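Visitor: Structure file start.txt (compact mmCIF, C-alpha atoms) is given on the next line.
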```txt
# COMPACT_ATOMS: atom_id res chain seq x y z
CA MET P 13 125.15 100.87 105.94
CA THR P 14 124.18 103.65 108.35
CA TYR P 15 122.65 105.48 105.38
CA VAL P 16 120.41 102.48 104.67
CA ARG P 17 119.44 102.30 108.35
CA ASP P 18 118.57 106.04 108.35
CA VAL P 19 116.44 105.62 105.23
CA GLY P 20 114.77 102.59 106.81
CA ALA P 21 113.98 104.46 110.04
CA LEU P 22 112.58 107.46 108.17
CA ALA P 23 110.53 105.38 105.72
CA ARG P 24 109.15 103.28 108.58
CA LYS P 25 108.10 106.52 110.28
CA ASP P 26 106.28 107.71 107.14
CA LEU P 27 104.45 104.41 106.74
CA LEU P 28 103.53 104.39 110.43
CA LEU P 29 102.19 107.95 110.16
CA GLU P 30 99.99 106.93 107.24
CA LEU P 31 98.83 103.82 109.04
CA ARG P 32 97.72 105.99 111.97
CA ALA P 33 96.35 109.04 110.17
CA ARG P 34 95.03 107.33 106.99
CA ASP P 35 95.14 110.66 105.19
CA THR P 36 96.72 109.70 101.89
CA LEU P 37 96.26 106.10 100.80
CA PRO P 38 92.44 105.89 101.08
CA ALA P 39 92.15 109.12 99.09
CA MET P 40 94.47 107.78 96.40
CA LEU P 41 92.58 104.48 96.16
CA LEU P 42 89.21 106.17 95.98
CA PHE P 43 90.43 108.70 93.43
CA VAL P 44 91.97 106.19 91.04
CA ALA P 45 88.91 103.92 91.23
CA ALA P 46 86.57 106.86 90.61
CA VAL P 47 88.63 108.04 87.63
CA PHE P 48 88.38 104.64 85.94
CA VAL P 49 84.66 104.41 86.55
CA ILE P 50 84.25 107.92 85.09
CA PHE P 51 86.41 107.05 82.05
CA HIS P 52 84.43 103.86 81.55
CA PHE P 53 81.14 105.70 81.32
CA ALA P 54 82.46 108.85 79.66
CA LEU P 55 84.21 107.17 76.72
CA PRO P 56 81.94 106.37 73.79
CA GLY P 57 81.98 102.91 72.18
CA THR P 58 85.16 100.87 72.43
CA PRO P 59 88.18 103.17 72.76
CA SER P 60 91.44 102.09 71.17
CA ARG P 61 94.35 100.72 73.15
CA LEU P 62 96.32 103.91 72.49
CA GLU P 63 93.55 106.09 73.90
CA THR P 64 92.98 104.00 77.01
CA THR P 65 96.70 103.77 77.70
CA GLY P 66 96.77 107.56 77.69
CA PHE P 67 93.88 107.63 80.15
CA LEU P 68 95.64 105.11 82.37
CA TRP P 69 98.64 107.42 82.59
CA VAL P 70 96.52 110.47 83.27
CA ALA P 71 94.92 108.54 86.14
CA ILE P 72 98.28 107.36 87.51
CA LEU P 73 99.87 110.82 87.31
CA PHE P 74 97.01 112.59 89.06
CA THR P 75 96.74 109.86 91.69
CA ALA P 76 100.46 110.26 92.31
CA LEU P 77 100.02 114.03 92.60
CA LEU P 78 97.47 113.45 95.32
CA GLY P 79 100.00 111.44 97.32
CA LEU P 80 102.90 113.76 96.58
CA GLY P 81 100.90 116.78 97.68
CA ARG P 82 100.43 115.20 101.09
CA ALA P 83 103.92 113.72 101.43
CA PHE P 84 105.33 116.58 103.49
CA VAL P 85 102.13 117.58 105.30
CA PRO P 86 103.22 116.15 108.70
CA GLU P 87 106.55 117.95 108.39
CA ARG P 88 104.85 121.22 107.41
CA GLU P 89 102.04 121.17 109.98
CA GLN P 90 104.30 120.24 112.88
CA ARG P 91 107.41 122.00 111.55
CA MET P 92 109.13 118.65 111.74
CA MET P 93 111.57 119.48 108.97
CA ASP P 94 113.66 121.36 111.56
CA GLY P 95 114.00 118.17 113.58
CA LEU P 96 114.96 116.09 110.57
CA VAL P 97 117.39 118.67 109.19
CA LEU P 98 119.17 118.92 112.54
CA ALA P 99 119.72 115.17 112.73
CA PRO P 100 123.23 114.14 111.73
CA CYS P 101 122.11 111.81 108.96
CA ASP P 102 122.68 112.63 105.29
CA ARG P 103 119.76 114.86 104.29
CA SER P 104 119.19 112.97 101.08
CA ALA P 105 117.99 110.10 103.31
CA ILE P 106 114.90 112.22 104.04
CA TRP P 107 114.17 112.44 100.30
CA LEU P 108 114.83 108.76 99.65
CA ALA P 109 112.70 107.60 102.58
CA LYS P 110 109.82 109.87 101.61
CA SER P 111 110.09 108.70 97.99
CA LEU P 112 109.94 105.06 99.10
CA ALA P 113 106.89 105.67 101.28
CA THR P 114 105.12 107.50 98.42
CA LEU P 115 106.13 104.69 96.09
CA ALA P 116 104.47 102.19 98.41
CA PHE P 117 101.22 104.20 98.34
CA LEU P 118 101.35 104.59 94.56
CA VAL P 119 101.97 100.88 94.00
CA ALA P 120 99.02 100.14 96.29
CA ALA P 121 96.85 102.46 94.17
CA GLU P 122 98.04 100.71 91.02
CA VAL P 123 97.13 97.34 92.46
CA VAL P 124 93.59 98.70 92.22
CA ALA P 125 94.09 100.69 89.00
CA LEU P 126 95.51 97.99 86.74
CA PRO P 127 92.77 95.37 87.36
CA LEU P 128 90.17 98.11 86.80
CA TYR P 129 91.91 99.03 83.54
CA ALA P 130 91.83 95.39 82.48
CA LEU P 131 88.19 95.07 83.53
CA PHE P 132 86.94 98.18 81.72
CA PHE P 133 89.31 98.45 78.76
CA HIS P 134 92.14 96.15 77.66
CA ALA P 135 94.37 93.43 79.07
CA VAL P 136 97.46 94.47 80.99
CA GLY P 137 100.69 93.08 79.50
CA GLY P 138 104.09 92.51 81.04
CA ALA P 139 105.56 95.54 79.26
CA MET P 140 102.87 97.77 80.73
CA VAL P 141 103.58 96.48 84.24
CA ALA P 142 107.32 97.06 83.72
CA ALA P 143 106.59 100.57 82.42
CA VAL P 144 104.38 101.28 85.43
CA LEU P 145 107.08 100.18 87.86
CA LEU P 146 109.83 102.15 86.14
CA ALA P 147 107.61 105.21 85.80
CA ASP P 148 106.69 104.97 89.50
CA LEU P 149 110.34 105.35 90.46
CA GLY P 150 110.66 108.53 88.43
CA ILE P 151 107.32 109.94 89.55
CA CYS P 152 108.06 109.39 93.24
CA GLY P 153 111.69 110.53 93.10
CA VAL P 154 111.06 113.74 91.17
CA GLY P 155 107.69 114.40 92.79
CA THR P 156 109.03 114.06 96.32
CA PHE P 157 111.89 116.39 95.51
CA LEU P 158 109.51 119.01 94.09
CA GLY P 159 107.09 118.42 96.97
CA ALA P 160 109.82 119.39 99.43
CA MET P 161 110.43 122.58 97.42
CA ALA P 162 106.75 123.43 97.16
CA VAL P 163 105.83 122.74 100.78
CA VAL P 164 107.68 125.78 102.11
CA THR P 165 105.81 128.16 99.80
CA ARG P 166 102.37 129.65 100.32
CA ALA P 167 101.21 128.49 96.88
CA ARG P 168 102.30 124.91 97.51
CA ASP P 169 99.05 123.33 96.25
CA LEU P 170 99.45 125.15 92.93
CA LEU P 171 103.19 124.97 92.68
CA LEU P 172 103.63 121.21 92.91
CA PRO P 173 101.52 120.36 89.82
CA LEU P 174 103.02 123.28 87.91
CA LEU P 175 106.53 122.05 88.59
CA PHE P 176 105.83 118.35 88.43
CA LEU P 177 103.70 117.90 85.31
CA PRO P 178 106.22 119.35 82.82
CA LEU P 179 108.96 117.20 84.34
CA ALA P 180 106.67 114.15 84.17
CA MET P 181 106.12 114.47 80.41
CA PRO P 182 109.09 112.25 79.50
CA ILE P 183 107.68 109.64 81.86
CA VAL P 184 104.35 109.70 80.03
CA VAL P 185 106.07 109.49 76.65
CA GLY P 186 108.18 106.52 77.76
CA ALA P 187 105.39 104.75 79.60
CA VAL P 188 102.76 105.10 76.89
CA GLY P 189 105.32 104.05 74.28
CA ALA P 190 106.34 100.98 76.29
CA SER P 191 102.69 100.04 76.80
CA ILE P 192 101.63 100.05 73.16
CA VAL P 193 104.56 99.12 70.89
CA ALA P 194 105.48 95.56 70.03
CA ALA P 195 109.13 95.99 71.10
CA PRO P 196 109.05 98.17 74.23
CA GLY P 197 112.75 97.76 75.06
CA ARG P 198 113.95 101.22 74.06
CA TYR P 199 111.09 102.91 75.92
CA LEU P 200 111.86 100.91 79.05
CA VAL P 201 115.53 101.85 78.76
CA PHE P 202 114.47 105.48 78.31
CA LEU P 203 112.40 105.29 81.53
CA ALA P 204 115.27 103.64 83.39
CA LEU P 205 117.67 106.38 82.23
CA TYR P 206 115.20 109.07 83.29
CA ASP P 207 114.94 107.43 86.73
CA LEU P 208 118.69 107.19 87.08
CA LEU P 209 119.37 110.75 85.95
CA PHE P 210 116.78 112.35 88.20
CA ALA P 211 117.60 110.08 91.13
CA VAL P 212 121.20 111.31 91.01
CA VAL P 213 120.15 114.96 90.65
CA CYS P 214 117.61 114.76 93.49
CA TRP P 215 119.95 112.81 95.75
CA ALA P 216 122.80 115.27 95.20
CA THR P 217 120.78 118.47 95.57
CA PHE P 218 118.15 117.69 98.20
CA GLU P 219 120.46 119.15 100.86
CA TYR P 220 119.97 122.61 99.31
CA VAL P 221 116.20 122.21 99.13
CA VAL P 222 115.82 121.70 102.88
CA ALA P 223 118.53 124.15 103.96
CA GLU P 224 117.37 127.71 104.60
CA MET I 24 132.17 126.50 121.36
CA LEU I 25 130.51 129.33 119.45
CA THR I 26 131.84 132.56 118.00
CA ALA I 27 129.77 135.06 116.04
CA ARG I 28 131.14 138.21 114.42
CA ARG I 29 129.01 141.12 113.18
CA LEU I 30 126.06 138.77 112.88
CA GLY I 31 123.05 140.09 111.01
CA LYS I 32 119.84 138.66 109.68
CA ARG I 33 117.24 140.10 107.35
CA TYR I 34 113.94 138.67 106.21
CA GLY I 35 113.35 140.66 103.04
CA GLU I 36 113.28 144.31 104.08
CA LYS I 37 112.94 143.50 107.76
CA ARG I 38 116.18 143.52 109.73
CA VAL I 39 116.00 141.18 112.73
CA LEU I 40 119.62 141.10 113.94
CA ARG I 41 122.37 143.64 113.33
CA GLY I 42 126.08 143.60 114.10
CA LEU I 43 125.92 141.06 116.91
CA ASP I 44 129.20 139.80 118.39
CA LEU I 45 129.00 136.73 120.55
CA THR I 46 131.51 134.38 122.12
CA LEU I 47 130.29 131.34 123.99
CA PRO I 48 133.13 129.33 125.54
CA ARG I 49 132.68 125.65 126.29
CA GLY I 50 130.82 125.10 129.56
CA ASP I 51 129.19 128.55 129.62
CA PHE I 52 125.52 129.19 130.24
CA LEU I 53 124.38 132.26 128.33
CA VAL I 54 120.90 133.62 128.88
CA VAL I 55 119.36 135.58 126.01
CA THR I 56 116.63 138.04 126.91
CA GLY I 57 114.71 140.68 125.04
CA PRO I 58 111.20 141.73 124.10
CA ASN I 59 109.14 140.03 121.40
CA GLY I 60 110.61 140.68 117.97
CA SER I 61 114.11 141.38 119.25
CA GLY I 62 115.55 138.40 117.36
CA LYS I 63 116.02 135.85 120.14
CA THR I 64 114.55 132.98 118.17
CA THR I 65 116.40 134.00 115.02
CA LEU I 66 119.69 134.11 116.92
CA LEU I 67 119.08 130.71 118.45
CA ARG I 68 118.12 129.20 115.10
CA ILE I 69 121.33 130.54 113.57
CA CYS I 70 123.37 129.18 116.47
CA ALA I 71 121.71 125.76 116.13
CA GLY I 72 122.45 125.68 112.39
CA LEU I 73 118.82 125.94 111.30
CA ALA I 74 119.20 129.37 109.70
CA GLN I 75 121.97 131.19 107.91
CA PRO I 76 122.99 134.74 108.78
CA THR I 77 122.68 137.28 105.99
CA GLU I 78 125.64 139.26 107.39
CA GLY I 79 128.67 138.34 109.47
CA THR I 80 130.06 134.94 110.33
CA ILE I 81 129.42 132.24 112.86
CA GLU I 82 131.77 129.46 113.86
CA ARG I 83 130.56 126.52 115.87
CA SER I 84 132.92 123.83 117.09
CA ALA I 85 130.08 121.41 117.84
CA ALA I 86 129.08 119.19 114.93
CA ARG I 87 125.41 118.82 113.98
CA ALA I 88 125.15 115.64 116.04
CA GLN I 89 126.33 117.52 119.12
CA VAL I 90 123.66 120.21 119.05
CA GLY I 91 120.41 119.88 120.95
CA TYR I 92 117.75 122.38 119.89
CA LEU I 93 114.46 123.13 121.58
CA GLY I 94 112.34 125.57 119.62
CA HIS I 95 108.80 126.83 119.83
CA GLU I 96 107.61 123.60 118.25
CA PRO I 97 108.31 120.32 120.08
CA LEU I 98 109.59 118.67 116.85
CA VAL I 99 107.85 115.40 117.58
CA TYR I 100 105.23 113.68 115.41
CA ARG I 101 101.77 113.95 116.93
CA GLU I 102 100.59 110.68 115.39
CA LEU I 103 103.46 108.68 116.86
CA THR I 104 103.87 107.66 120.48
CA ALA I 105 106.53 109.13 122.76
CA LEU I 106 108.49 105.91 122.45
CA GLU I 107 108.29 105.87 118.65
CA ASN I 108 109.39 109.50 118.41
CA LEU I 109 112.39 108.96 120.65
CA GLU I 110 113.24 105.67 118.87
CA LEU I 111 113.30 107.58 115.57
CA TYR I 112 115.59 110.30 116.92
CA GLY I 113 117.70 107.74 118.73
CA ARG I 114 118.32 105.91 115.48
CA LEU I 115 119.05 109.07 113.49
CA TYR I 116 121.46 110.33 116.18
CA ARG I 117 122.96 106.82 116.59
CA VAL I 118 122.48 106.90 120.35
CA PRO I 119 124.34 104.02 122.01
CA GLU I 120 122.19 101.86 124.33
CA ARG I 121 119.23 103.68 122.92
CA ARG I 122 116.45 101.82 124.70
CA GLU I 123 118.01 102.29 128.13
CA ARG I 124 118.61 105.99 127.50
CA ILE I 125 115.06 106.52 126.25
CA GLY I 126 113.62 104.66 129.23
CA MET I 127 115.72 106.70 131.65
CA LEU I 128 114.63 110.01 130.13
CA LEU I 129 110.96 109.06 129.99
CA GLU I 130 111.14 108.02 133.65
CA ARG I 131 112.90 111.22 134.63
CA PHE I 132 110.39 113.45 132.87
CA GLY I 133 107.38 111.52 134.14
CA LEU I 134 106.30 110.11 130.78
CA TRP I 135 107.06 106.43 131.26
CA GLU I 136 103.46 105.50 132.05
CA VAL I 137 102.18 107.21 128.88
CA ARG I 138 105.02 106.14 126.59
CA HIS I 139 102.65 104.15 124.35
CA GLY I 140 100.17 107.01 124.00
CA ARG I 141 100.13 109.13 120.87
CA VAL I 142 101.58 112.60 121.33
CA ALA I 143 98.31 114.03 119.96
CA SER I 144 96.66 112.91 123.20
CA TYR I 145 99.24 114.68 125.39
CA SER I 146 98.74 118.02 127.08
CA ARG I 147 100.97 120.91 125.99
CA GLY I 148 103.08 120.44 129.12
CA MET I 149 103.58 116.71 128.49
CA THR I 150 104.55 117.45 124.89
CA GLN I 151 107.11 119.97 126.13
CA ARG I 152 108.53 117.35 128.49
CA LEU I 153 108.82 114.96 125.56
CA ALA I 154 110.55 117.67 123.54
CA LEU I 155 113.07 118.01 126.37
CA CYS I 156 113.63 114.23 126.29
CA ARG I 157 114.27 114.56 122.55
CA VAL I 158 116.80 117.35 123.08
CA LEU I 159 118.71 115.47 125.79
CA LEU I 160 118.52 112.04 124.15
CA HIS I 161 121.85 112.22 122.30
CA GLU I 162 123.67 114.02 125.14
CA PRO I 163 124.54 117.09 123.06
CA GLU I 164 127.55 119.28 123.76
CA LEU I 165 125.69 122.47 122.89
CA LEU I 166 122.14 122.98 124.12
CA VAL I 167 120.16 125.72 122.40
CA LEU I 168 116.91 126.18 124.28
CA ASP I 169 114.29 128.67 123.16
CA GLU I 170 111.82 129.37 125.99
CA PRO I 171 112.28 125.91 127.54
CA TYR I 172 109.93 126.64 130.43
CA SER I 173 106.96 127.50 128.23
CA ALA I 174 103.95 125.25 128.86
CA LEU I 175 105.63 123.49 131.79
CA ASP I 176 103.81 123.38 135.10
CA GLU I 177 105.71 123.90 138.35
CA ALA I 178 106.64 120.22 138.65
CA GLY I 179 107.89 120.18 135.06
CA SER I 180 109.82 123.41 135.58
CA GLU I 181 111.50 121.97 138.68
CA LEU I 182 112.46 118.86 136.72
CA LEU I 183 114.01 121.07 134.07
CA ASP I 184 115.79 123.15 136.73
CA ALA I 185 117.31 119.98 138.15
CA GLN I 186 118.32 118.73 134.72
CA LEU I 187 119.97 122.02 133.75
CA ALA I 188 121.78 122.21 137.11
CA GLU I 189 123.06 118.65 136.63
CA LEU I 190 124.43 119.41 133.18
CA ARG I 191 125.73 122.90 134.03
CA GLY I 192 129.48 123.01 133.49
CA GLU I 193 129.55 119.78 131.48
CA ARG I 194 127.63 121.24 128.54
CA THR I 195 127.36 124.62 126.88
CA PHE I 196 124.01 126.39 127.06
CA LEU I 197 122.34 129.13 125.07
CA VAL I 198 118.94 129.75 126.62
CA SER I 199 116.36 132.37 125.70
CA THR I 200 113.72 133.21 128.25
CA HIS I 201 111.22 135.85 129.30
CA ASP I 202 111.87 134.81 132.90
CA PRO I 203 115.63 135.27 133.42
CA ALA I 204 115.26 135.02 137.19
CA ARG I 205 114.48 131.32 136.81
CA VAL I 206 117.87 130.50 135.29
CA GLU I 207 119.83 133.30 136.98
CA PRO I 208 121.57 130.94 139.45
CA LEU I 209 122.94 128.89 136.55
CA ALA I 210 123.82 131.71 134.18
CA SER I 211 127.40 132.70 133.43
CA GLY I 212 126.33 135.65 131.28
CA ARG I 213 123.40 137.46 129.83
CA LEU I 214 122.78 138.86 126.37
CA ALA I 215 119.99 141.40 126.19
CA LEU I 216 118.63 142.01 122.71
CA ALA I 217 116.67 145.11 121.83
CA THR I 218 114.15 145.66 119.05
```
Reformat the file's structure so that it appears as structure tokens.

Guide:
Amino acid sequence: MTYVRDVGALARKDLLLELRARDTLPAMLLFVAAVFVIFHFALPGTPSRLETTGFLWVAILFTALLGLGRAFVPEREQRMMDGLVLAPCDRSAIWLAKSLATLAFLVAAEVVALPLYALFFHAVGGAMVAAVLLADLGICGVGTFLGAMAVVTRARDLLLPLLFLPLAMPIVVGAVGASIVAAPGRYLVFLALYDLLFAVVCWATFEYVVAE
Amino acid sequence: MLTARRLGKRYGEKRVLRGLDLTLPRGDFLVVTGPNGSGKTTLLRICAGLAQPTEGTIERSAARAQVGYLGHEPLVYRELTALENLELYGRLYRVPERRERIGMLLERFGLWEVRHGRVASYSRGMTQRLALCRVLLHEPELLVLDEPYSALDEAGSELLDAQLAELRGERTFLVSTHDPARVEPLASGRLALAT
């Protein structure tokens, strides 16, 4: 129960910081909207469902990268990680809280992205929404973990995409598959397993990422 | 409270600490002095548990929750208010009667009137006072203070003097300073580091 309270306090802090600074969410919203407008005008004729689903996932992944790249900026700029690491809470709570805050921003961006996708390209089905939600969990969990690793390096802006995109490939495979096939069940299960596996790995090893 | 044996620390090729032995019994007040680059901050970070030595061993009887660390950074969020910062730390450190304790500290350090102001709007001295509130909030057993008087004006320094004097004997202190005369009356020992 104390773990949940710690995660709640840390996630509340991250949301409050974004509410005050407005550094991340407006950029994500603007980016995802701009990407869809660009795709709409750049694609010739009527693109197929398979093609546009691919573009949707490119837009979601790069929008997520924008948020993940800024996730640990307050901690880096103000060296706040020292304060959080010293606190007696389980250090994985820092990862979980940051993942939840990033998830909230990503879902907000998708609230804009999915209607734009439907407006410009094809209807959004239930399987696609389920795939988006499951993929979001994986993207935010893995991305936050890698963001914490990258933030302490000088090449952090380069390192995060280099680490994250290869690990996100299974998410794209699962999410695109779930969005286009008639029976998306096995793709959704695949995404859920990916989320579970990486959630356990990140939760168990985050301690070593933030320790010197 | 703290025992270090043959403590050493390297950052790549650069050796910052070498063969340091240190014993800090409970209730002691050890002042660490030395020129810039002598390893004071590194030593304090190791003692607080923020860094690992590359040589030697360190044993600390205080758990993480019982350590209060003041570094060169105040470790408070600039976009949050003083109250929000202390609320966050109070929750993470599970401080009993948190609100009362926060209110008492903010009053004592002269920040009560500005408790709803964002830290970004504070002067450097006010931020340092807030950092001291953060360090004292959970009533730590071991206080590791790196240049605690930096950025404090005379009134702030006197407040800190009074606070340290009040806690002297009840808590264990490891304090680095360029002005050892200031804490000389409280000190039980001095460790002078050389480059």

Visitor: For chain I against chain P, which residues fall within 7 Å using only C-alpha atoms, given as number ranges by chain?

Guide: I: 73-75, 87-88, 96, 98-99, 102-103, 111, 115-116

Visitor: Can you pull out the residues contacting Thr150 in chain I? Cut-off 10 Å, using only C-alpha atoms, and skip same-chain residues under 4 positions away; I want them as a ChimeraX atom specification.

Guide: /I:96-99,101,105,134,142-146,154-156,174-175

Visitor: For CA of Phe196 in chain I and CA of Glu219 in chain P, quote the distance in Å rounded to one decimal.

Guide: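 Atom-to-atom, CA of Phe196 in chain I to CA of Glu219 in chain P, that is 27.4 Å.
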
Visitor: One decimal, Å: what's the distance from CA of Tyr92 in chain I over to CA of Val167 in chain I, could you say?

Guide: 4.8 Å

Visitor: For CA of Arg157 in chain I and CA of Glu130 in chain I, quote the distance in Å rounded to one decimal.

Guide: 13.3 Å

Visitor: Can you tell me, as a PyMOL selection string, which residues sit within 12 Å of (95.3, 110.7, 93.1) in the file's frame, using all atoms listed in the file?

Guide: chain P and resi 36-48+69-82+114+117-122+125+173

Visitor: Might you pull out every residue within 12 Å of range 195-205 of chain P, with all atoms listed in the file counted and same-chain residues fewer than 6 positions away left off, and present them as a ChimeraX atom specification?

Guide: /P:137-151,180-189,211-212

Visitor: Please return, as JSON, numbers by chain, all polymer residues that have at least one atom within 12 Å of the point (119.5, 120.5, 126.1); use only C-alpha atoms and the file's own coordinate frame.

Guide: {"I": [52, 71, 89, 90, 91, 92, 93, 94, 152, 154, 155, 156, 157, 158, 159, 160, 161, 162, 163, 164, 165, 166, 167, 168, 169, 170, 171, 183, 184, 186, 187, 188, 189, 190, 191, 193, 194, 195, 196, 197, 198]}

Visitor: Leaving out Pro203 in chain I and any residue of its chain fewer than 3 positions from it, which residues lie within 9 Å of it when counting all atoms listed in the file, given as a short mmCIF file (atom, residue, chain, number, x, y, z; two decimals) with C-alpha atoms, in the coordinates of the input?

Guide:
```cif
data_model
loop_
_atom_site.label_atom_id
_atom_site.label_comp_id
_atom_site.auth_asym_id
_atom_site.auth_seq_id
_atom_site.Cartn_x
_atom_site.Cartn_y
_atom_site.Cartn_z
CA VAL I 54 120.90 133.62 128.88
CA VAL I 55 119.36 135.58 126.01
CA THR I 56 116.63 138.04 126.91
CA SER I 199 116.36 132.37 125.70
CA THR I 200 113.72 133.21 128.25
CA VAL I 206 117.87 130.50 135.29
CA GLU I 207 119.83 133.30 136.98
CA ALA I 210 123.82 131.71 134.18
CA ARG I 213 123.40 137.46 129.83
#
```

Visitor: Restricting the calculation to only C-alpha atoms, which member of I:Asp44, I:Thr77, I:Gly57, I:Ser180 is positioned closest to Gly31 in chain I?

Guide: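 Smallest separation from Gly31 in chain I among the options: I:Thr77.
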
Visitor: Which is closer to Tyr112 in chain I than all the others in I:Leu153, I:Pro76, I:Met24, I:Cys70, using all atoms listed in the file?

Guide: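 Distance minimum relative to Tyr112 in chain I lands on I:Leu153.
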
Visitor: Using all atoms listed in the file, which residue out of I:Glu82, I:Leu106, I:Gly148, I:Thr218 lies closest to Val39 in chain I?

Guide: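 Going through I:Glu82, I:Leu106, I:Gly148, I:Thr218 one by one, the smallest distance to Val39 in chain I is for I:Thr218.
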
Visitor: Extract, using all atoms listed in the file, all DNA, RNA and protein residues at most 9 Å from Val154 in chain P, discarding same-chain residues fewer than 5 positions from it, and format them as a PyMOL selection string.

Guide: chain P and resi 111+149+159+176+179-180+207+210-211+214

Visitor: From the set P:Tyr220, P:Arg166, P:Leu62, P:Ile192, which residue has the shortest atom-to-atom contact distance to Arg88 in chain P, counting all atoms listed in the file?

Guide: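 Of P:Tyr220, P:Arg166, P:Leu62, P:Ile192, the one nearest Arg88 in chain P, counting all atoms listed in the file, is P:Arg166.
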
Visitor: Looking at P:Thr65, P:Asp26, P:Tyr129, P:Arg103, which one is nearest to Ile50 in chain P, with distances taken over all atoms listed in the file?

Guide: P:Tyr129
